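One structure is given below, encoded as structure tokens.
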Amino acid sequence: MNYLVGAFKPPCNVFISFADGRSRKQVPLKKENGKTVMVALFQSQENIVGEVVIEPIHGKKVEHNGVKIELLGQIELYFDRGNFYDFTSLVRELDIPGELYERKTYPFEFSTVEMPYESYNGVNVRLRYILKVTISRNFVSNIVECQDFVVRNYTPPPSINNSIKMEVGIEDCLHIEFEYSKSKYHLKDVIIGKIYFLLVRIKLKNMELEIRRRESTGSGPNTYVETETLAKFELMDGAAVRGESIPIRLFLSPYELTPTYRNINNKFSVKYYLNLVLVDEEDRRYFKQQEITMYRLLEAS
Amino acid sequence: MLNGIDDEEKWLAEGIAGIQHNAFYMHQALDSNNLREALKYSAQMLSELRTSKLSPHKYYELYMRAFDELRKLEMFFKEDSKHGVSVIDLYELVQHAGNILPRLYLLCTVGSVYIKSKEAPAKEVLKDLVEMCRGVQHPIRGLFLRSYLAQISRDKLPDIGSEYEGDADTVMDAVEFVLQNFTEMNKLWVQMQHQGPGRFREKQEKERSELRDLVGKNLHVLSQIEGVDLGIYKETVLTRVLEQVVNCKDDLAQYYLMDCIIQVFPDEYHLQTLETLLGACPQLQPTVDVKTVLSRLMDRLSNYAASSEDVLPEFLQVEAFTKLSNAIGKVIEAQVDMPAVGAITLYVSLLTFTLCVHPDRLDYVDQVLGACVKKLYNIPKLEDSRAMKQVVALLSAPLEKYNDIVTALTLSNYPRVMDHLDNGTNKVMAMVIIQSIMKNNTFISTAHKVEVLFELIKGLIKDKDGADVDELDEEDFKDEQNSVARLIHMLYNDEPEEMLKIICIVRKHTMAGGPKRLPFTVPSLVFSALRLVWRLQGQEGDIVGEEVPATPKKIFQLLTQIIEALSAVPSPELALRLYLQCAEAANGCDLELVAYEFFTQAFVLYEEEIADSKAQVTAIHLIIGTLQRMNVFGVENRDTMTHKTTGYSARLLKKPDQCRAVYACSHLFWVDDQDGIKDGERVLLCLKRALRIANAAQQMANVARGSSGPVILFVEILNKYLYFFEKGNQQITGAAIQDLIELINTEMQSDSATPDTASDAFLASTLRYIQFQKQKGGVMGEKFEAIKF
């Protein structure tokens with residue numbers, strides 16, 4: 001049995017490792033099969049250096065037409081399954097055609113790689129970076145080994161960060177004014193704000209603040225929009241009366257947010273909204289949605 | 001709604017079960033130092049408090065369960081070695097909870113630990129907490145959340161001397177925190193009435209008032225802050241609290257909170273901020289029971305004033321009376337609908353206050369009464385019994401305080417207030433006044449005061465127009481009139497002139513009293529006047545000068561008129577006695593004609609008015625007794641009198657009465673004085689006549705009943721014989737006495753004699769007396785030797 005299985009197994013093991021693999025930060029990444037693995041974290045313009053180890057099994061010989069390693073940045077749209085758009089593709093030849101009898105190590109290096117987009121795992125789209133080692137063979141299928149890694153890009157704090165302030169209402173029923181201290185938030189930021197009640201003629205039950213993510217994929221008639229509510233945060237219990245102001249303090253750190261992505265390679269975009277929802281006693285919902293910009297701030301650690 | 005209560009029980013049971021369930025897992029998490037799980041289960045546990053189904057009472061039960069559990073959680077939070085998270089991070093961590101109520105409970109709990117850790121200034125944490133709690137606007141849930149906040153922060157306020165005291169002026173932060181929490185809680189509490197359907201309003205109000213202490217506790221906390229001195233209280237605390245009270249426009253809250261303010265803060269603060277405090281009163285809702293509030297305030301201040309002499313200057317300094325008085329005026333003016341009882345209650349309190357603080361300021365007292373009169377202007381007679389009670393209290397207060405009716409008499413508004421009482425109450429009040437006089441033995445010494453006094457008690461003195469006389473209770477009436485009679489004796493002045501005036505005034509008033517009252521009042525008045533006569537008589541020598549207004553003559557004229565009034569009653573026996581009394585007094589003053597006139601009146605009464613035989617007997621003996629002592633009469637007048645008297649005596653109906661009256665008459669001819677009349681012959685005549693009548697009586701008894709009556713009459717006559725014998729009447733001889741004794745013995749031994757122990761004993765002791773006199777020897781002994789038996 002083992003023998004049989006062994007017959008279909010690739011005749012060699014391929015390992016990809018990074019030169020600074022021990023010290024480099026690892027972040028969790030969700031795979032297709034639902035499992036989460038820890039992978040290395042990079043940002044744009046970094047050198048990606050490492051080595052590939054090929055180890056034939058029990059001294060078998062492996063014939064090949066060459067060994068190469070590719071660095072790929074791919075966008076995968078789920079409704080267009082099977083089609084990857086490589087927005088980045090770098091190749092390094094590791095070996096000329098020949099035979100491998102024993103374990104062999106190939107160092108590789110991609111210098112200052114341009115990786116403008118962040119890894120992203122959405123509802124309808126995935127953006128990922130992989131290192132792909134291909135051992136080309138005649139007559140039989142190539143031996144391919146992939147290694148995911150994650151890219152995150154950091155932005156400095158925006159120089160202009162206006163507050164969001166707006167008065168909204170339903171005539172003669174409800175007038176409120178809300179204020180969020182900023183329009184741009186980093187991922188561990190805190191939303192501070194206030195809601196002033198100028199006129200309350202409906203019986204409110206409660207009020208909550210939602211963080212919503214809008215992911216739109218495709219373009220033109222084939223645009224798919226998916227909206228997720230990532231956070232529901234109750235701001236008020238009961239009904240405020242006229243003149244009351246209710247504080248907002250929402251810590252963003254517990255939620256799995258990403259920066260705002262605008263038009264990634266013409267394939268997709270991800271935007272974030274704050275949705276203020278007021279619920280009355282008959283469970284009618286009154287809401288006002290405001291876009292906020294998320295960015296990734298380099299953590300001080 | 002029928003099973004509403006059952007449902008509530010069920011919901012409460014479910015809530016408690018939910019708390020217990022989650023608390024169990026929370027404990028497990030605490031035991032295994034698992035912070036994440038602990039937060040999760042504690043948040044779930046607190047979610048039970050999100051219910052809207054319970055009444056405040058039941059909700060409280062649920063809250064207390066959660067409260068106990070939170071204490072354990074707090075202990076855990078404190079030990080960062082166990083969960084490994086700094087308190088600052090913890091403070092953020094609990095804010096991740098999605099639901100606001102559990103989030104804020106947890107935040108307060110961590111906040112408490114945060115303050116204790118001193119990683120941040122207490123004031124900052126408190127400020128944040130009190131601000132964040134705004135998120136809960138549901139009245140009941142909000143109130144309990146904030147009450148939790150108040151609870152955990154109580155011992156952590158940055159007060160003076162507290163370990164949490166910061167660098168500068170942190171007391172203000174503490175005050176600010178409590179004030180804000182108070183303000184918010186009050187808003188929620190007021191808001192409560194707008195919750196739910198309006199048809200259960202009564203129930204709602206009841207539920208609301210169950211929660212009032214949650215709000216009031218904040219004021220208590222404020223009063224406990226050491227650093228709140230008068231300045232801070234005046235500038236910040238009171239101003240802000242009152243602002244909230246006035247602005248909330250809710251009668252329940254306003255009433256309760258005003259009362260709270262009055263009760264929790266120190267007296268001297270109230271005194272110093274009286275103006276501010278009182279200024280708020282007219283701004284309250286018209287339905288607020290301001291009078292009770294003000295009454296409480298005044299009661300407190302009164303007690304404060306009574307506590308120590310030292311504080312009185314403070315009262316004067318702030319002009320407490322004027323301020324209170326003005327405030328009350330304004331309140332009464334503002335609340336047009338306030339029933340009379342309310343206004344009067346206010347005045348009672350103000351009066352009590354005045355009496356405590358300014359006992360020397362009678363003008364203040366009068367001012368209060370005057371204000372009351374003004375208020376009652378439109379109500380001639382009060383009908384509300386509670387209002388009446390308050391008026392009685394109002395009028396009694398000065399009496400009790402001064403223990404002296406004279407003081408009250410100087411209050412011009414006093415009788416005007418009394419006028420508003422109904423007849424019954426007016427009498428009660430009058431009785432109170434009289435009793436006060438009696439108790440304190442106060443003499444009313446000027447005519448003016450007497451006039452005022454009678455004005456006060458006029459309810460007792462005469463019938464009111466249209467009053468229903470039938471309703472009077474006989475017993476009460478007697479009590480009242482006896483009191484008036486006693487009162488007359490308390491009207492006294494050493495100056496005869498003034499005293500005469502007093503008597504005239506009393507007479508004027510009592511004469512209007514009508515036939516039912518006169519028998520009670522006239523004797524007092526007569527004796528009061530007679531007393532004056534006696535006094536004048538005593539100092540007769542001193543009276544010189546031409547115009548002496550108070551002469552006995554004048555008084556006697558007055559007396560004649562007074563006693564004449566009794567004929568209208570009619571009460572002849574009483575009048576007769578009084579005439580005789582007057583006659584005797586006139587005798588003392590050597591006024592023969594006056595005395596004669598009085599006697600004449602007495603005889604006229606006897607002849608015309610006294611028909612009852614028993615009354616006649618009494619009257620004749622009184623006449624005899626009085627006449628015997630008269631020495632002012634000339635021979636002629638005296639003869640007329642004695643003649644009349646003996647005549648009447650002999651014409652009494654019953655023989656024994658005749659007999660006794662006649663032998664009593666014998667004294668009219670023998671006055672045992674130095675220069676008294678001594679007419680032994682007529683004495684003997686009287687006694688003989690008496691004997692004849694006694695004999696006749698005996699025979700009558702024989703005829704009527706077949707047995708002779710007791711010999712007692714003879715024994716009595718024997719005694720008279722002995723008396724005159726002893727006094728040296730020459731007409732009474734030992735032989736006569738001897739005969740009489742023999743006669744008695746014969747009578748006693750006759751067959752028809754009725755044995756009578758009383759007369760036997762009387763005789764025996766009479767004989768023993770004779771024996772005794774004999775043995776005594778001397779002149780008297782020799783004299784008695786003449787009597788042999």
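Note on naming: chains are A, B, ... as they come in the structure tokens, residues start from 1 per chain, ligands start from 1 in the order shown.
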For stretch 218-231 of chain A, find every residue with an atom within 12 Å (counting only C-alpha atoms), except residues of its own chain fewer than 6 positions away, and show them as a PyMOL selection string.
(chain A and resi 75-80+122-125+208-212+250-258+263-276) or (chain B and resi 96-99)
Let me see the file: selected residues, C-alpha atoms, as an mmCIF file, in the first residue's frame.
```cif
data_model
loop_
_atom_site.group_PDB
_atom_site.id
_atom_site.type_symbol
_atom_site.label_atom_id
_atom_site.label_comp_id
_atom_site.auth_asym_id
_atom_site.auth_seq_id
_atom_site.Cartn_x
_atom_site.Cartn_y
_atom_site.Cartn_z
ATOM 1 C CA ILE A 75 -6.081 38.509 -7.878
ATOM 2 C CA GLU A 76 -8.643 35.805 -7.849
ATOM 3 C CA LEU A 77 -12.286 36.613 -8.456
ATOM 4 C CA TYR A 78 -14.476 33.840 -7.162
ATOM 5 C CA PHE A 79 -17.254 34.282 -9.679
ATOM 6 C CA ASP A 80 -14.647 33.938 -12.364
ATOM 7 C CA GLY A 122 -12.692 38.868 0.862
ATOM 8 C CA VAL A 123 -16.069 37.491 0.074
ATOM 9 C CA ASN A 124 -15.761 37.515 -3.662
ATOM 10 C CA VAL A 125 -12.150 38.211 -4.191
ATOM 11 C CA GLU A 208 -26.124 51.391 17.485
ATOM 12 C CA LEU A 209 -23.113 52.041 15.370
ATOM 13 C CA GLU A 210 -22.240 49.531 12.693
ATOM 14 C CA ILE A 211 -19.002 49.129 10.833
ATOM 15 C CA ARG A 212 -19.757 47.925 7.345
ATOM 16 C CA LEU A 250 -15.615 52.469 19.687
ATOM 17 C CA PHE A 251 -12.312 50.634 19.745
ATOM 18 C CA LEU A 252 -11.517 49.234 16.342
ATOM 19 C CA SER A 253 -8.901 46.741 17.457
ATOM 20 C CA PRO A 254 -11.267 43.832 18.132
ATOM 21 C CA TYR A 255 -12.500 43.793 14.572
ATOM 22 C CA GLU A 256 -10.796 42.288 11.565
ATOM 23 C CA LEU A 257 -10.455 45.299 9.414
ATOM 24 C CA THR A 258 -8.253 46.082 6.457
ATOM 25 C CA ASN A 263 -9.675 50.223 -7.283
ATOM 26 C CA ILE A 264 -7.119 47.498 -6.913
ATOM 27 C CA ASN A 265 -5.805 46.811 -10.362
ATOM 28 C CA ASN A 266 -9.210 47.645 -11.791
ATOM 29 C CA LYS A 267 -10.488 44.460 -10.279
ATOM 30 C CA PHE A 268 -11.975 45.311 -6.949
ATOM 31 C CA SER A 269 -12.259 47.830 -4.178
ATOM 32 C CA VAL A 270 -12.990 47.618 -0.437
ATOM 33 C CA LYS A 271 -14.559 50.509 1.429
ATOM 34 C CA TYR A 272 -15.622 51.024 5.016
ATOM 35 C CA TYR A 273 -18.665 52.786 6.360
ATOM 36 C CA LEU A 274 -19.959 53.811 9.715
ATOM 37 C CA ASN A 275 -23.656 53.241 9.880
ATOM 38 C CA LEU A 276 -25.558 54.950 12.642
ATOM 39 C CA HIS B 96 -15.190 46.009 23.406
ATOM 40 C CA ALA B 97 -18.479 44.565 24.566
ATOM 41 C CA GLY B 98 -21.153 45.180 21.978
ATOM 42 C CA ASN B 99 -24.048 45.769 24.309
#
```
Hey, list the chain B side of the contact with chain A: 8 Å cut-off, only C-alpha atoms, answer as an mmCIF file with C-alpha atoms, in the first residue's frame.
```cif
data_model
loop_
_atom_site.group_PDB
_atom_site.id
_atom_site.type_symbol
_atom_site.label_atom_id
_atom_site.label_comp_id
_atom_site.auth_asym_id
_atom_site.auth_seq_id
_atom_site.Cartn_x
_atom_site.Cartn_y
_atom_site.Cartn_z
ATOM 1 C CA GLU B 92 -10.073 49.313 27.146
ATOM 2 C CA GLN B 95 -15.232 48.470 26.259
ATOM 3 C CA HIS B 96 -15.190 46.009 23.406
ATOM 4 C CA ALA B 97 -18.479 44.565 24.566
ATOM 5 C CA GLY B 98 -21.153 45.180 21.978
ATOM 6 C CA ASN B 99 -24.048 45.769 24.309
ATOM 7 C CA ILE B 100 -23.936 48.984 26.145
ATOM 8 C CA LEU B 101 -25.372 47.993 29.487
ATOM 9 C CA GLU B 131 -19.817 60.780 30.815
ATOM 10 C CA MET B 132 -19.968 57.326 29.266
ATOM 11 C CA ARG B 134 -24.985 58.808 29.243
ATOM 12 C CA GLY B 135 -25.381 55.986 26.803
ATOM 13 C CA VAL B 136 -28.051 54.410 28.930
ATOM 14 C CA GLN B 137 -31.109 56.561 28.600
ATOM 15 C CA HIS B 138 -33.644 53.985 29.648
ATOM 16 C CA PRO B 139 -34.885 55.397 32.957
#
```
Using only C-alpha atoms, determine which residues lie at most 12 Å from B:Asn441, disregarding the query and same-chain residues fewer than 4 positions distant; provide the list as an MDAnalysis selection string.
chainID B and resid 403:406 434:437 486:487 489:492
Export, as a PDB file, in the first residue's frame, the selected residues with C-alpha atoms.
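Generated output (result20.pdb):
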```pdb
ATOM      1  CA  ASN B 403     -46.505  81.220  79.280  1.00  0.00           C
ATOM      2  CA  ASP B 404     -48.170  84.503  79.649  1.00  0.00           C
ATOM      3  CA  ILE B 405     -51.397  85.565  78.118  1.00  0.00           C
ATOM      4  CA  VAL B 406     -50.540  89.173  78.714  1.00  0.00           C
ATOM      5  CA  ILE B 434     -58.120  80.573  80.122  1.00  0.00           C
ATOM      6  CA  GLN B 435     -56.291  77.420  81.061  1.00  0.00           C
ATOM      7  CA  SER B 436     -53.039  79.094  80.190  1.00  0.00           C
ATOM      8  CA  ILE B 437     -53.890  81.936  82.524  1.00  0.00           C
ATOM      9  CA  ARG B 486     -62.442  81.383  87.712  1.00  0.00           C
ATOM     10  CA  LEU B 487     -60.962  83.702  85.163  1.00  0.00           C
ATOM     11  CA  HIS B 489     -60.780  86.199  89.816  1.00  0.00           C
ATOM     12  CA  MET B 490     -57.572  86.495  87.853  1.00  0.00           C
ATOM     13  CA  LEU B 491     -58.440  90.000  86.742  1.00  0.00           C
ATOM     14  CA  TYR B 492     -56.854  92.032  89.423  1.00  0.00           C
TER      15      TYR B 492
END
```
What lies within 10 Å of B:Val221 using only C-alpha atoms, ignoring chain neighbours under 5 positions off, as a short mmCIF file (atom, residue, chain, number, x, y, z; two decimals) with C-alpha atoms, in the first residue's frame?
```cif
data_model
loop_
_atom_site.label_atom_id
_atom_site.label_comp_id
_atom_site.auth_asym_id
_atom_site.auth_seq_id
_atom_site.Cartn_x
_atom_site.Cartn_y
_atom_site.Cartn_z
CA ALA B 150 -22.31 56.19 42.68
CA GLN B 151 -21.86 53.13 44.85
CA ARG B 154 -18.32 56.77 46.98
CA ASP B 155 -15.11 55.90 48.72
CA LEU B 157 -13.87 60.66 45.43
CA VAL B 175 -18.36 67.78 43.50
CA VAL B 178 -21.48 63.82 41.96
CA LEU B 179 -23.44 66.75 40.65
CA PHE B 182 -27.14 63.52 40.23
CA GLY B 216 -31.49 61.44 46.70
CA VAL B 264 -29.05 66.41 54.25
#
```
Would you pick out the contacts of stretch 19-28 of chain A at 6 Å or less, using only C-alpha atoms, so that residues sharing its chain but fewer than 6 positions from it are not included, and give the list as a PyMOL selection string?
chain A and resi 37-41+49-50
